[in-house]
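Enquirer: The structure file query-v2.csv (CSV, C-alpha atoms and all ligand atoms) is provided below.
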chain,number,residue,atom,x,y,z
W,1,MET,CA,0.0,0.0,0.0
W,2,ILE,CA,1.2,3.5,-0.8
W,3,ASN,CA,2.5,5.8,1.9
W,4,PRO,CA,-0.4,8.2,2.8
W,5,THR,CA,2.1,11.1,3.0
W,6,ILE,CA,2.2,12.3,-0.5
W,7,ASN,CA,5.5,13.4,-1.8
W,8,TYR,CA,4.7,15.9,-4.5
W,9,PRO,CA,7.6,16.7,-6.9
W,10,ASP,CA,8.6,20.3,-7.7
W,11,ARG,CA,5.9,22.6,-9.0
W,12,LEU,CA,6.0,26.1,-10.4
W,13,PRO,CA,3.1,28.1,-8.8
W,14,LEU,CA,1.7,29.4,-12.1
W,15,ALA,CA,-2.1,29.0,-11.6
W,16,GLN,CA,-4.4,31.1,-9.4
W,17,LEU,CA,-5.2,28.5,-6.8
W,18,PRO,CA,-7.3,27.4,-5.1
W,19,THR,CA,-10.2,27.8,-7.5
W,20,PRO,CA,-13.7,28.4,-6.1
W,21,LEU,CA,-16.4,25.7,-5.6
W,22,GLN,CA,-19.8,27.1,-6.5
W,23,LEU,CA,-23.3,25.8,-6.3
W,24,LEU,CA,-25.6,26.1,-9.3
W,25,GLU,CA,-28.8,26.7,-7.4
W,26,ARG,CA,-31.2,27.6,-10.2
W,27,LEU,CA,-30.1,24.7,-12.5
W,28,SER,CA,-30.2,22.2,-9.6
W,29,THR,CA,-33.8,23.2,-8.9
W,30,GLN,CA,-34.7,23.1,-12.5
W,31,PHE,CA,-33.4,19.5,-12.9
W,32,SER,CA,-34.9,18.3,-9.5
W,33,GLY,CA,-31.9,16.1,-8.9
W,34,PRO,CA,-28.8,16.4,-6.7
W,35,ARG,CA,-27.4,19.8,-6.0
W,36,ILE,CA,-24.9,20.6,-8.8
W,37,TRP,CA,-21.6,22.1,-7.7
W,38,VAL,CA,-18.9,23.4,-10.0
W,39,LYS,CA,-15.2,23.4,-9.3
W,40,ARG,CA,-14.2,26.5,-11.2
W,41,ASP,CA,-10.9,25.5,-12.8
W,42,ASP,CA,-11.9,27.8,-15.7
W,43,LEU,CA,-10.7,30.5,-13.3
W,44,THR,CA,-7.1,29.3,-12.9
W,45,ASP,CA,-6.1,32.6,-14.7
W,46,CYS,CA,-7.4,34.7,-17.6
W,47,ALA,CA,-6.0,33.4,-20.9
W,48,LEU,CA,-4.4,30.6,-18.9
W,49,SER,CA,-7.8,29.3,-17.8
W,50,GLY,CA,-8.4,25.6,-17.5
W,51,ASN,CA,-7.0,22.3,-16.4
W,52,LYS,CA,-3.8,22.4,-18.5
W,53,ILE,CA,-2.1,25.1,-16.4
W,54,ARG,CA,-2.4,22.8,-13.3
W,55,LYS,CA,-0.6,20.1,-15.3
W,56,LEU,CA,2.0,22.5,-16.7
W,57,GLU,CA,2.9,23.6,-13.2
W,58,PHE,CA,4.5,20.2,-12.7
W,59,THR,CA,5.6,19.6,-16.3
W,60,LEU,CA,7.4,22.9,-16.7
W,61,ALA,CA,9.1,22.5,-13.3
W,62,ARG,CA,10.5,19.2,-14.6
W,63,ALA,CA,11.5,20.8,-18.0
W,64,LEU,CA,13.4,23.6,-16.2
W,65,SER,CA,15.1,21.1,-13.8
W,66,GLN,CA,16.5,19.3,-16.8
W,67,GLY,CA,17.9,22.6,-18.2
W,68,CYS,CA,15.5,22.8,-21.1
W,69,ASP,CA,14.8,26.1,-22.9
W,70,THR,CA,12.4,25.0,-25.6
W,71,LEU,CA,9.0,23.3,-25.3
W,72,ILE,CA,7.6,21.2,-28.1
W,73,THR,CA,4.1,19.9,-27.8
W,74,CYS,CA,1.1,19.0,-30.0
W,75,GLY,CA,-2.7,19.0,-30.3
W,76,GLY,CA,-5.6,20.1,-32.4
W,77,VAL,CA,-5.6,23.6,-33.9
W,78,GLN,CA,-8.0,24.6,-31.1
W,79,SER,CA,-6.0,22.9,-28.4
W,80,ASN,CA,-6.4,24.5,-25.0
W,81,HIS,CA,-3.2,22.7,-23.8
W,82,CYS,CA,-1.2,24.2,-26.7
W,83,ARG,CA,-2.5,27.7,-26.0
W,84,ALA,CA,-1.6,27.3,-22.3
W,85,THR,CA,1.9,26.1,-23.2
W,86,ALA,CA,2.4,29.0,-25.6
W,87,ILE,CA,1.4,31.6,-23.0
W,88,LEU,CA,3.4,30.0,-20.2
W,89,GLY,CA,6.4,29.6,-22.5
W,90,ALA,CA,6.3,33.4,-23.1
W,91,ARG,CA,5.8,34.0,-19.4
W,92,LEU,CA,8.9,32.0,-18.5
W,93,GLY,CA,11.0,33.1,-21.5
W,94,LEU,CA,11.1,29.7,-23.2
W,95,LYS,CA,10.7,29.0,-26.9
W,96,VAL,CA,7.6,27.1,-27.8
W,97,HIS,CA,6.9,25.1,-30.9
W,98,LEU,CA,3.4,23.7,-31.5
W,99,ILE,CA,2.7,20.8,-33.8
W,100,LEU,CA,-1.0,21.2,-34.6
W,101,ARG,CA,-3.7,19.0,-36.3
W,102,ASP,CA,-6.3,20.6,-38.5
W,103,GLU,CA,-9.3,18.2,-38.9
W,104,GLU,CA,-10.5,20.2,-42.0
W,105,LEU,CA,-7.2,20.3,-43.9
W,106,GLN,CA,-7.4,16.9,-45.6
W,107,GLY,CA,-5.1,16.8,-48.6
W,108,LYS,CA,-4.2,20.5,-48.6
W,109,GLY,CA,-1.1,21.4,-46.7
W,110,LEU,CA,1.2,18.4,-46.4
W,111,ASN,CA,4.2,20.1,-44.9
W,112,GLY,CA,3.2,22.0,-41.8
W,113,ASP,CA,1.8,25.0,-43.9
W,114,ARG,CA,0.1,27.3,-41.3
W,115,GLN,CA,-1.4,29.7,-43.8
W,116,LEU,CA,-4.4,27.5,-44.6
W,117,THR,CA,-6.0,27.6,-41.1
W,118,ALA,CA,-7.9,30.6,-39.8
W,119,PRO,CA,-6.2,32.1,-36.7
W,120,ASP,CA,-9.2,32.0,-34.5
W,121,GLY,CA,-9.9,31.1,-30.8
W,122,ASN,CA,-7.0,29.3,-29.2
W,123,LEU,CA,-4.9,29.5,-32.4
W,124,PHE,CA,-5.2,33.2,-32.3
W,125,LEU,CA,-3.7,33.3,-28.8
W,126,ASP,CA,-0.9,30.9,-29.8
W,127,TYR,CA,0.2,33.4,-32.5
W,128,LEU,CA,-0.2,36.3,-30.1
W,129,ALA,CA,2.1,34.5,-27.5
W,130,GLY,CA,4.7,34.2,-30.2
W,131,ALA,CA,4.7,30.4,-30.5
W,132,GLU,CA,6.3,28.8,-33.6
W,133,ILE,CA,3.5,26.8,-35.3
W,134,SER,CA,3.3,24.1,-37.9
W,135,ILE,CA,-0.1,22.7,-38.9
W,136,TYR,CA,-0.7,19.2,-40.5
W,137,PRO,CA,-3.8,17.5,-41.8
W,138,LYS,CA,-5.2,14.9,-39.4
W,139,THR,CA,-3.9,11.8,-41.2
W,140,GLU,CA,-0.4,13.1,-41.6
W,141,PHE,CA,-0.4,14.3,-38.0
W,142,GLN,CA,-1.6,10.8,-36.8
W,143,THR,CA,0.8,8.7,-38.9
W,144,ARG,CA,3.9,10.9,-38.5
W,145,GLN,CA,3.5,12.2,-34.9
W,146,GLY,CA,6.6,10.6,-33.5
W,147,GLU,CA,8.6,11.6,-36.6
W,148,LEU,CA,7.4,15.2,-36.4
W,149,PHE,CA,8.4,15.4,-32.7
W,150,GLU,CA,11.8,14.0,-33.7
W,151,TYR,CA,12.2,16.3,-36.6
W,152,TRP,CA,11.5,19.5,-34.6
W,153,SER,CA,13.5,18.3,-31.7
W,154,GLN,CA,16.6,17.8,-33.9
W,155,TYR,CA,15.9,21.1,-35.6
W,156,TYR,CA,16.2,23.0,-32.2
W,157,ALA,CA,19.0,20.8,-31.0
W,158,THR,CA,21.1,21.8,-34.0
W,159,GLN,CA,20.5,25.4,-33.0
W,160,GLY,CA,22.1,24.7,-29.6
W,161,ARG,CA,18.7,24.6,-27.8
W,162,LYS,CA,17.5,22.0,-25.4
W,163,PRO,CA,14.0,20.9,-26.2
W,164,TYR,CA,11.5,19.3,-23.8
W,165,LEU,CA,8.8,17.2,-25.4
W,166,ILE,CA,5.3,17.4,-23.9
W,167,PRO,CA,2.7,14.8,-25.0
W,168,THR,CA,-0.8,15.6,-26.0
W,169,GLY,CA,-2.6,17.4,-23.1
W,170,ALA,CA,0.5,17.1,-20.9
W,171,SER,CA,-1.1,13.7,-20.0
W,172,ASP,CA,1.7,11.6,-18.6
W,173,GLY,CA,3.1,10.4,-15.2
W,174,THR,CA,4.1,14.0,-14.3
W,175,GLY,CA,0.8,15.6,-15.4
W,176,VAL,CA,-1.1,13.2,-13.1
W,177,TRP,CA,0.1,15.2,-10.1
W,178,ALA,CA,-2.0,18.2,-11.1
W,179,TYR,CA,-5.4,16.6,-10.3
W,180,VAL,CA,-4.0,14.5,-7.4
W,181,ARG,CA,-3.4,18.0,-5.9
W,182,CYS,CA,-6.7,19.3,-7.0
W,183,ILE,CA,-8.4,16.5,-5.0
W,184,GLU,CA,-6.6,17.8,-1.9
W,185,GLU,CA,-8.2,21.2,-2.7
W,186,LEU,CA,-11.6,19.6,-3.1
W,187,VAL,CA,-11.4,17.8,0.2
W,188,GLY,CA,-11.1,21.2,1.9
W,189,ASP,CA,-13.8,22.7,-0.3
W,190,PHE,CA,-16.2,19.9,0.7
W,191,GLN,CA,-15.4,20.3,4.4
W,192,ARG,CA,-16.1,24.1,4.2
W,193,ALA,CA,-19.4,23.6,2.2
W,194,ASP,CA,-20.3,20.7,4.6
W,195,ILE,CA,-21.1,18.3,1.7
W,196,GLN,CA,-20.1,14.7,0.7
W,197,PRO,CA,-20.6,14.6,-3.0
W,198,SER,CA,-21.1,11.1,-4.5
W,199,HIS,CA,-19.6,11.9,-7.9
W,200,ILE,CA,-16.9,14.1,-9.4
W,201,ILE,CA,-17.7,14.6,-13.1
W,202,HIS,CA,-15.5,16.1,-15.8
W,203,ALA,CA,-14.6,16.0,-19.5
W,204,THR,CA,-12.0,13.4,-20.5
W,205,GLY,CA,-9.9,14.1,-23.6
W,206,SER,CA,-6.3,12.8,-23.2
W,207,GLY,CA,-6.9,11.1,-19.9
W,208,GLY,CA,-4.5,13.0,-17.6
W,209,THR,CA,-7.2,14.9,-15.6
W,210,GLN,CA,-9.1,11.7,-15.0
W,211,ALA,CA,-5.9,9.9,-14.0
W,212,GLY,CA,-5.1,12.5,-11.4
W,213,LEU,CA,-8.7,12.8,-10.1
W,214,SER,CA,-9.1,9.0,-9.8
W,215,LEU,CA,-5.7,8.5,-8.2
W,216,GLY,CA,-6.2,11.5,-6.0
W,217,CYS,CA,-9.5,10.2,-4.6
W,218,ALA,CA,-7.8,6.9,-3.7
W,219,LEU,CA,-4.7,8.6,-2.2
W,220,HIS,CA,-6.6,11.2,-0.2
W,221,GLN,CA,-9.3,8.6,0.8
W,222,LEU,CA,-12.0,10.7,-0.6
W,223,ASP,CA,-15.2,8.6,-1.0
W,224,ALA,CA,-16.5,9.9,-4.3
W,225,GLN,CA,-16.6,8.3,-7.7
W,226,VAL,CA,-14.8,10.1,-10.5
W,227,LEU,CA,-16.8,9.9,-13.7
W,228,GLY,CA,-15.1,11.0,-16.9
W,229,ILE,CA,-17.3,11.9,-19.8
W,230,ALA,CA,-15.4,11.0,-23.0
W,231,VAL,CA,-15.3,13.7,-25.7
W,232,CYS,CA,-13.6,11.6,-28.4
W,233,ASP,CA,-12.6,7.9,-27.9
W,234,ASN,CA,-14.5,5.1,-26.2
W,235,THR,CA,-14.5,3.8,-22.6
W,236,VAL,CA,-12.0,0.9,-23.3
W,237,TYR,CA,-9.6,3.4,-24.8
W,238,PHE,CA,-9.8,5.8,-21.9
W,239,GLN,CA,-9.6,3.1,-19.2
W,240,ARG,CA,-6.3,2.0,-20.8
W,241,LYS,CA,-5.0,5.5,-21.3
W,242,VAL,CA,-5.8,6.6,-17.7
W,243,MET,CA,-4.2,3.5,-16.3
W,244,ALA,CA,-1.1,4.0,-18.6
W,245,ASP,CA,-0.7,7.5,-17.2
W,246,ILE,CA,-1.0,6.2,-13.6
W,247,VAL,CA,1.5,3.4,-14.3
W,248,ASP,CA,3.9,6.0,-15.8
W,249,TRP,CA,3.4,8.1,-12.6
W,250,GLN,CA,4.2,5.0,-10.5
W,251,SER,CA,7.4,4.3,-12.4
W,252,ARG,CA,8.6,7.9,-12.6
W,253,TYR,CA,8.1,8.5,-8.9
W,254,LYS,CA,9.0,5.0,-7.7
W,255,VAL,CA,5.7,4.2,-6.1
W,256,SER,CA,5.7,0.5,-5.1
W,257,SER,CA,2.0,-0.3,-5.4
W,258,LEU,CA,-1.3,1.4,-6.3
W,259,PRO,CA,-4.1,2.0,-3.8
W,260,GLU,CA,-6.8,-0.8,-3.8
W,261,SER,CA,-9.6,1.7,-4.0
W,262,LEU,CA,-8.5,3.1,-7.3
W,263,SER,CA,-11.4,3.0,-9.8
W,264,VAL,CA,-11.6,4.4,-13.3
W,265,GLN,CA,-15.1,5.0,-14.6
W,266,VAL,CA,-15.7,6.5,-18.1
W,267,ASN,CA,-19.0,7.2,-19.9
W,268,ASP,CA,-18.8,7.3,-23.7
W,269,ASP,CA,-22.4,8.0,-24.5
W,270,PHE,CA,-22.0,11.7,-25.3
W,271,ILE,CA,-19.2,11.8,-27.9
W,272,GLY,CA,-21.7,12.8,-30.6
W,273,PRO,CA,-20.3,13.5,-34.1
W,274,GLY,CA,-16.7,13.2,-32.9
W,275,TYR,CA,-13.8,15.1,-31.4
W,276,SER,CA,-14.4,18.9,-31.6
W,277,ARG,CA,-17.8,18.4,-33.1
W,278,ALA,CA,-21.0,18.7,-31.1
W,279,GLY,CA,-24.6,18.2,-31.9
W,280,PRO,CA,-27.3,20.9,-31.5
W,281,GLU,CA,-28.2,19.6,-28.0
W,282,VAL,CA,-24.8,20.5,-26.7
W,283,PHE,CA,-25.0,24.1,-28.1
W,284,ALA,CA,-28.5,24.3,-26.6
W,285,THR,CA,-27.1,23.4,-23.2
W,286,ILE,CA,-24.2,25.9,-23.6
W,287,LYS,CA,-26.8,28.7,-24.2
W,288,HIS,CA,-29.1,27.6,-21.4
W,289,VAL,CA,-26.4,27.3,-18.7
W,290,ALA,CA,-24.8,30.6,-19.8
W,291,ALA,CA,-28.1,32.5,-19.6
W,292,LEU,CA,-29.4,30.7,-16.4
W,293,GLU,CA,-26.2,30.6,-14.3
W,294,GLY,CA,-23.6,32.9,-16.1
W,295,LEU,CA,-21.4,29.8,-16.5
W,296,LEU,CA,-19.6,29.6,-19.9
W,297,LEU,CA,-19.0,26.2,-21.4
W,298,ASP,CA,-17.3,25.2,-24.7
W,299,PRO,CA,-18.5,22.7,-27.4
W,300,VAL,CA,-15.4,20.5,-27.4
W,301,TYR,CA,-15.0,19.5,-23.8
W,302,THR,CA,-17.0,21.1,-21.0
W,303,GLY,CA,-20.2,21.7,-22.9
W,304,LYS,CA,-20.3,18.1,-24.0
W,305,ALA,CA,-19.5,16.7,-20.6
W,306,PHE,CA,-21.9,19.1,-18.8
W,307,HIS,CA,-24.7,18.1,-21.3
W,308,GLY,CA,-23.8,14.4,-20.6
W,309,MET,CA,-24.1,15.1,-16.8
W,310,LEU,CA,-27.5,16.8,-17.2
W,311,SER,CA,-28.8,13.9,-19.3
W,312,LEU,CA,-27.6,11.4,-16.7
W,313,ILE,CA,-29.5,13.4,-14.0
W,314,GLU,CA,-32.6,13.3,-16.2
W,315,LYS,CA,-32.2,9.5,-16.5
W,316,GLY,CA,-32.1,9.2,-12.7
W,317,TYR,CA,-28.4,8.1,-12.6
W,318,PHE,CA,-27.7,10.2,-9.5
W,319,ALA,CA,-31.1,9.6,-7.9
W,320,ASP,CA,-29.8,8.5,-4.5
W,321,THR,CA,-27.4,11.3,-4.0
W,322,SER,CA,-27.7,14.8,-2.7
W,323,ASP,CA,-24.6,16.5,-4.2
W,324,ILE,CA,-22.4,16.1,-7.3
W,325,VAL,CA,-19.5,18.2,-8.5
W,326,PHE,CA,-18.6,19.1,-12.1
W,327,VAL,CA,-14.9,20.1,-12.6
W,328,HIS,CA,-15.0,22.9,-15.1
W,329,THR,CA,-11.8,22.4,-17.0
W,330,GLY,CA,-11.9,25.6,-19.1
W,331,GLY,CA,-11.8,25.8,-22.9
W,332,LEU,CA,-13.8,29.0,-23.4
W,333,PHE,CA,-11.7,30.1,-26.4
W,334,GLY,CA,-12.8,27.1,-28.4
W,335,LEU,CA,-16.3,28.5,-28.4
W,336,PHE,CA,-15.2,31.5,-30.5
W,337,ALA,CA,-14.0,29.2,-33.2
W,338,GLN,CA,-17.4,27.6,-33.5
W,339,ARG,CA,-19.5,30.8,-33.1
W,340,GLU,CA,-21.5,30.1,-36.3
W,341,GLN,CA,-23.1,27.1,-34.5
W,342,LEU,CA,-24.9,29.4,-32.1
W,343,SER,CA,-27.8,31.4,-33.4
W,344,PHE,CA,-29.4,34.2,-31.3
P,401,LIG,C1,-11.1,22.5,-21.7
P,401,LIG,C2,-10.7,21.1,-21.5
P,401,LIG,N1,-11.4,20.2,-20.7
P,401,LIG,C3,-11.0,18.9,-20.5
P,401,LIG,C4,-10.0,18.4,-21.2
P,401,LIG,C5,-9.7,17.0,-21.0
P,401,LIG,O1,-8.6,16.8,-20.1
P,401,LIG,P1,-7.6,15.6,-20.3
P,401,LIG,O2,-6.9,15.9,-21.6
P,401,LIG,O3,-6.7,15.7,-19.2
P,401,LIG,O4,-8.4,14.4,-20.4
P,401,LIG,C6,-9.2,19.2,-22.1
P,401,LIG,C7,-8.0,18.7,-22.8
P,401,LIG,O5,-8.0,17.7,-23.4
P,401,LIG,C8,-9.5,20.6,-22.2
P,401,LIG,O6,-8.8,21.4,-23.0
Please rewrite the model in this file as structure tokens.
Ligand SMILES: Cc1ncc(COP(=O)(O)O)c(C=O)c1O

Expert:
Amino acid sequence: MINPTINYPDRLPLAQLPTPLQLLERLSTQFSGPRIWVKRDDLTDCALSGNKIRKLEFTLARALSQGCDTLITCGGVQSNHCRATAILGARLGLKVHLILRDEELQGKGLNGDRQLTAPDGNLFLDYLAGAEISIYPKTEFQTRQGELFEYWSQYYATQGRKPYLIPTGASDGTGVWAYVRCIEELVGDFQRADIQPSHIIHATGSGGTQAGLSLGCALHQLDAQVLGIAVCDNTVYFQRKVMADIVDWQSRYKVSSLPESLSVQVNDDFIGPGYSRAGPEVFATIKHVAALEGLLLDPVYTGKAFHGMLSLIEKGYFADTSDIVFVHTGGLFGLFAQREQLSF
């Protein structure tokens, strides 16, 4: 069994923490189910809003401890993780290179041509923060990802720089610490609010947030079920990916065994048309929640997951519980890139 004294590795205090826990009173009443609380990780900072900054606090501490001066990472053109990396790189004086995937580019730019993609939403902020950007069509990005990392890594090494490679979403054994730590925050939030929520619900995209939350509950002995709502791949994929991140954490930080209470639960019923595409019901939820509670969600992650949570409430999934918590992981800038989906 793991030592209950948690030995966190070095962390750069980059995010505005702790984030608030807020009750959505009107929405809870309207759905006549459990009280819905929101952990406002969309408030970790202004343009650095969201879950990625929590992970990058640990990831960038590691990069600096290895003497790295250049960050190379990847994601979709509207990646929140890439935007957070671009801005934090600028804040810390590090060079940042983003390898981006454009789902719409099929067959057009085959060599990282960035001119073909509109600089909107997160991509706009990536440029503003001065990141180097190369954009690839989905198939090329998927089949050549390792090669592309290698290529850009060599490119900077020959310029005398020391690159640090960050995987998609900073989801690896180091990124896991971010939400282990967030659970510690939540334990305090729950005590102050005098609640014992049965479920902690969130959007799952590259698995790292879920790995940290699930492991965090087990390590901090918090009796709540983490429920990841998948925004792209299916349950089997995410269960494997989350466990792979946890095993990576175990090996990087020399943890002899995992807690017995560790449980990874993923719901893949709300993926809809696919990654970064949402159906009209998700946009309807985004509008409804914004107008009723002043809470802004995005169509790629939080809107999809929040819609999934509300659907589960309607189906009676949380019938026996009094309180549930949604972790708002940010992503607002992705909404701007899909503005044409919202009519007023
Ligand atoms: C806004 C937002 N929410 C949730 C997620 C999912 O987090 P994770 O990649 O750790 O699964 C991401 C990134 O993928 C994100 O950008």

Enquirer: Show me the residues around (-17.3, 26.9, -23.1) - criterion: an atom at most 8 Å away, all atoms listed in the file counted - as a ChimeraX atom specification.

Expert: /W:286,296-303,330-335

Enquirer: Throw together the list of residues within 7 Å of ligand LIG 401 (chain P), counting only C-alpha atoms and all ligand atoms, and drop it here as a PDB file with C-alpha atoms, keeping the file's coordinate frame.

Expert:
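Saved result, pocket35.pdb, follows:
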ATOM      1  CA  GLY W  50      -8.400  25.600 -17.500  1.00  0.00           C
ATOM      2  CA  ASN W  51      -7.000  22.300 -16.400  1.00  0.00           C
ATOM      3  CA  LYS W  52      -3.800  22.400 -18.500  1.00  0.00           C
ATOM      4  CA  SER W  79      -6.000  22.900 -28.400  1.00  0.00           C
ATOM      5  CA  ASN W  80      -6.400  24.500 -25.000  1.00  0.00           C
ATOM      6  CA  HIS W  81      -3.200  22.700 -23.800  1.00  0.00           C
ATOM      7  CA  GLY W 169      -2.600  17.400 -23.100  1.00  0.00           C
ATOM      8  CA  SER W 171      -1.100  13.700 -20.000  1.00  0.00           C
ATOM      9  CA  ALA W 203     -14.600  16.000 -19.500  1.00  0.00           C
ATOM     10  CA  THR W 204     -12.000  13.400 -20.500  1.00  0.00           C
ATOM     11  CA  GLY W 205      -9.900  14.100 -23.600  1.00  0.00           C
ATOM     12  CA  SER W 206      -6.300  12.800 -23.200  1.00  0.00           C
ATOM     13  CA  GLY W 207      -6.900  11.100 -19.900  1.00  0.00           C
ATOM     14  CA  GLY W 208      -4.500  13.000 -17.600  1.00  0.00           C
ATOM     15  CA  THR W 209      -7.200  14.900 -15.600  1.00  0.00           C
ATOM     16  CA  GLN W 210      -9.100  11.700 -15.000  1.00  0.00           C
ATOM     17  CA  TYR W 301     -15.000  19.500 -23.800  1.00  0.00           C
ATOM     18  CA  THR W 302     -17.000  21.100 -21.000  1.00  0.00           C
ATOM     19  CA  THR W 329     -11.800  22.400 -17.000  1.00  0.00           C
ATOM     20  CA  GLY W 330     -11.900  25.600 -19.100  1.00  0.00           C
ATOM     21  CA  GLY W 331     -11.800  25.800 -22.900  1.00  0.00           C
TER      22      GLY W 331
END

Enquirer: Within 12 Å of Arg192 in chain W, counting all atoms listed in the file, which residues qualify if same-chain residues fewer than 6 places away don't, as a list in words?

Expert: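 My list of contacting residues is Pro20, Leu21, Gln22, Glu185 and Leu186 of chain W.
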
Enquirer: Which is closest to Lys138 in chain W among W:Ala224, W:Val77, W:Leu27, W:Leu64, if we use all atoms listed in the file?

Expert: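 For Lys138 in chain W, the nearest of the given residues is W:Val77.
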
Enquirer: Pull the neighbourhood of (-8.3, 15.5, -9.6) for me: all residues within 6 Å in file coordinates, counting only C-alpha atoms, as a list in words.

Expert: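 Here is the list of nearby residues: Tyr179, Val180, Cys182, Ile183, Gly212, Leu213 and Gly216 of chain W.
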
Enquirer: Write the residues of the selection above to a file with C-alpha atoms, as an mmCIF file, in the frame of the given file.

Expert:
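Dumped everything to again19.cif:
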data_model
loop_
_atom_site.group_PDB
_atom_site.id
_atom_site.type_symbol
_atom_site.label_atom_id
_atom_site.label_comp_id
_atom_site.auth_asym_id
_atom_site.auth_seq_id
_atom_site.Cartn_x
_atom_site.Cartn_y
_atom_site.Cartn_z
ATOM 1 C CA TYR W 179 -5.400 16.600 -10.300
ATOM 2 C CA VAL W 180 -4.000 14.500 -7.400
ATOM 3 C CA CYS W 182 -6.700 19.300 -7.000
ATOM 4 C CA ILE W 183 -8.400 16.500 -5.000
ATOM 5 C CA GLY W 212 -5.100 12.500 -11.400
ATOM 6 C CA LEU W 213 -8.700 12.800 -10.100
ATOM 7 C CA GLY W 216 -6.200 11.500 -6.000
#

Enquirer: Figure out the distance between CA of Thr321 in chain W and CA of Trp37 in chain W, please, to one decimal in Å.

Expert: 12.8 Å

Enquirer: Which residue gives the smallest distance to Asn234 in chain W among W:Arg339, W:Tyr136, W:Phe270, W:Val255, with only C-alpha atoms counted?

Expert: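 Of all the options, W:Phe270 lies closest to Asn234 in chain W.
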
Enquirer: Point out the residue among W:Ala84, W:Ala290, W:Ala211, W:Leu60 with the least atom-to-atom distance to Ile246 in chain W, counting all atoms listed in the file.

Expert: W:Ala211

Enquirer: Identify which of the residues W:Thr117, W:Ser65, W:Thr168, W:Ser134 lies closest to Trp152 in chain W, counting all atoms listed in the file when measuring atom-to-atom distances.

Expert: W:Ser134

Enquirer: Which polymer residues have any atom within 10 Å of an atom of Leu222 in chain W, counting only C-alpha atoms, with same-chain residues fewer than 6 positions away left out, as a PyMOL selection string?

Expert: chain W and resi 183-184+186-187+196-198+214+216+261

Enquirer: In Å to one decimal, how far is CA of Thr174 in chain W from CA of Lys254 in chain W?

Expert: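 Computing the Euclidean distance for CA of Lys254 in chain W and CA of Thr174 in chain W yields 12.2 Å.
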
Enquirer: Kindly give the distance, in Å, that separates CA of Leu71 in chain W and CA of Pro163 in chain W, rounded to a single decimal.

Expert: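 Rounded to one decimal, the two atoms are 5.6 Å apart.
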
Enquirer: Could you check which of W:Ile99, W:Leu295, W:Ala278, W:Ala15 is closest to Arg144 in chain W, using all atoms listed in the file?

Expert: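 Going through W:Ile99, W:Leu295, W:Ala278, W:Ala15 one by one, the smallest distance to Arg144 in chain W is for W:Ile99.
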
Enquirer: Which residue gives the smallest distance to Ala291 in chain W among W:Trp249, W:Gln142, W:Leu227, W:Arg26, with all atoms listed in the file counted?

Expert: W:Arg26

Enquirer: With a distance cut-off of 9 Å and only C-alpha atoms, select the neighbouring residues of range 128-131 of chain W, excluding the residue or stretch itself and same-chain residues fewer than 6 positions from it, and output the selection as a PyMOL selection string.

Expert: chain W and resi 83+85-91+95-98

Enquirer: Give me a file of those residues, with C-alpha atoms, as a PDB file, in the frame of the given file.

Expert:
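Written out: part.pdb:
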ATOM      1  CA  ARG W  83      -2.500  27.700 -26.000  1.00  0.00           C
ATOM      2  CA  THR W  85       1.900  26.100 -23.200  1.00  0.00           C
ATOM      3  CA  ALA W  86       2.400  29.000 -25.600  1.00  0.00           C
ATOM      4  CA  ILE W  87       1.400  31.600 -23.000  1.00  0.00           C
ATOM      5  CA  LEU W  88       3.400  30.000 -20.200  1.00  0.00           C
ATOM      6  CA  GLY W  89       6.400  29.600 -22.500  1.00  0.00           C
ATOM      7  CA  ALA W  90       6.300  33.400 -23.100  1.00  0.00           C
ATOM      8  CA  ARG W  91       5.800  34.000 -19.400  1.00  0.00           C
ATOM      9  CA  LYS W  95      10.700  29.000 -26.900  1.00  0.00           C
ATOM     10  CA  VAL W  96       7.600  27.100 -27.800  1.00  0.00           C
ATOM     11  CA  HIS W  97       6.900  25.100 -30.900  1.00  0.00           C
ATOM     12  CA  LEU W  98       3.400  23.700 -31.500  1.00  0.00           C
TER      13      LEU W  98
END

Enquirer: Which residues are near Ala118 in chain W? Cut-off 10 Å, only C-alpha atoms, ignore same chain within fewer than 5 positions. Put them as a list in words.

Expert: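 Listing them by chain and then by number gives Val77, Leu123, Phe124 and Ala337 of chain W.
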
Enquirer: Can you tell me which residues surround Gln30 in chain W at a distance of at most 12 Å, considering all atoms listed in the file, apart from same-chain residues fewer than 3 positions away, and format the answer as a PyMOL selection string?

Expert: chain W and resi 24-27+33-36+288-289+292-293+310+313-314

Enquirer: Reconstruct N, CA and C atoms of range 271-276 of chain W from the incomplete input and present them as a compact mmCIF listing (two decimals), keeping the file's coordinate frame.

Expert:
# COMPACT_ATOMS: atom_id res chain seq x y z
N ILE W 271 -20.27 11.37 -26.93
CA ILE W 271 -19.20 11.80 -27.90
C ILE W 271 -19.87 12.60 -29.03
N GLY W 272 -21.05 12.16 -29.43
CA GLY W 272 -21.70 12.80 -30.60
C GLY W 272 -20.99 12.61 -31.86
N PRO W 273 -20.96 13.64 -32.75
CA PRO W 273 -20.30 13.50 -34.10
C PRO W 273 -18.83 13.23 -34.05
N GLY W 274 -18.16 13.48 -32.94
CA GLY W 274 -16.70 13.20 -32.90
C GLY W 274 -15.96 14.31 -32.19
N TYR W 275 -14.62 14.14 -32.12
CA TYR W 275 -13.80 15.10 -31.40
C TYR W 275 -13.98 16.52 -32.05
N SER W 276 -14.21 17.47 -31.22
CA SER W 276 -14.40 18.90 -31.60
C SER W 276 -15.66 19.18 -32.32
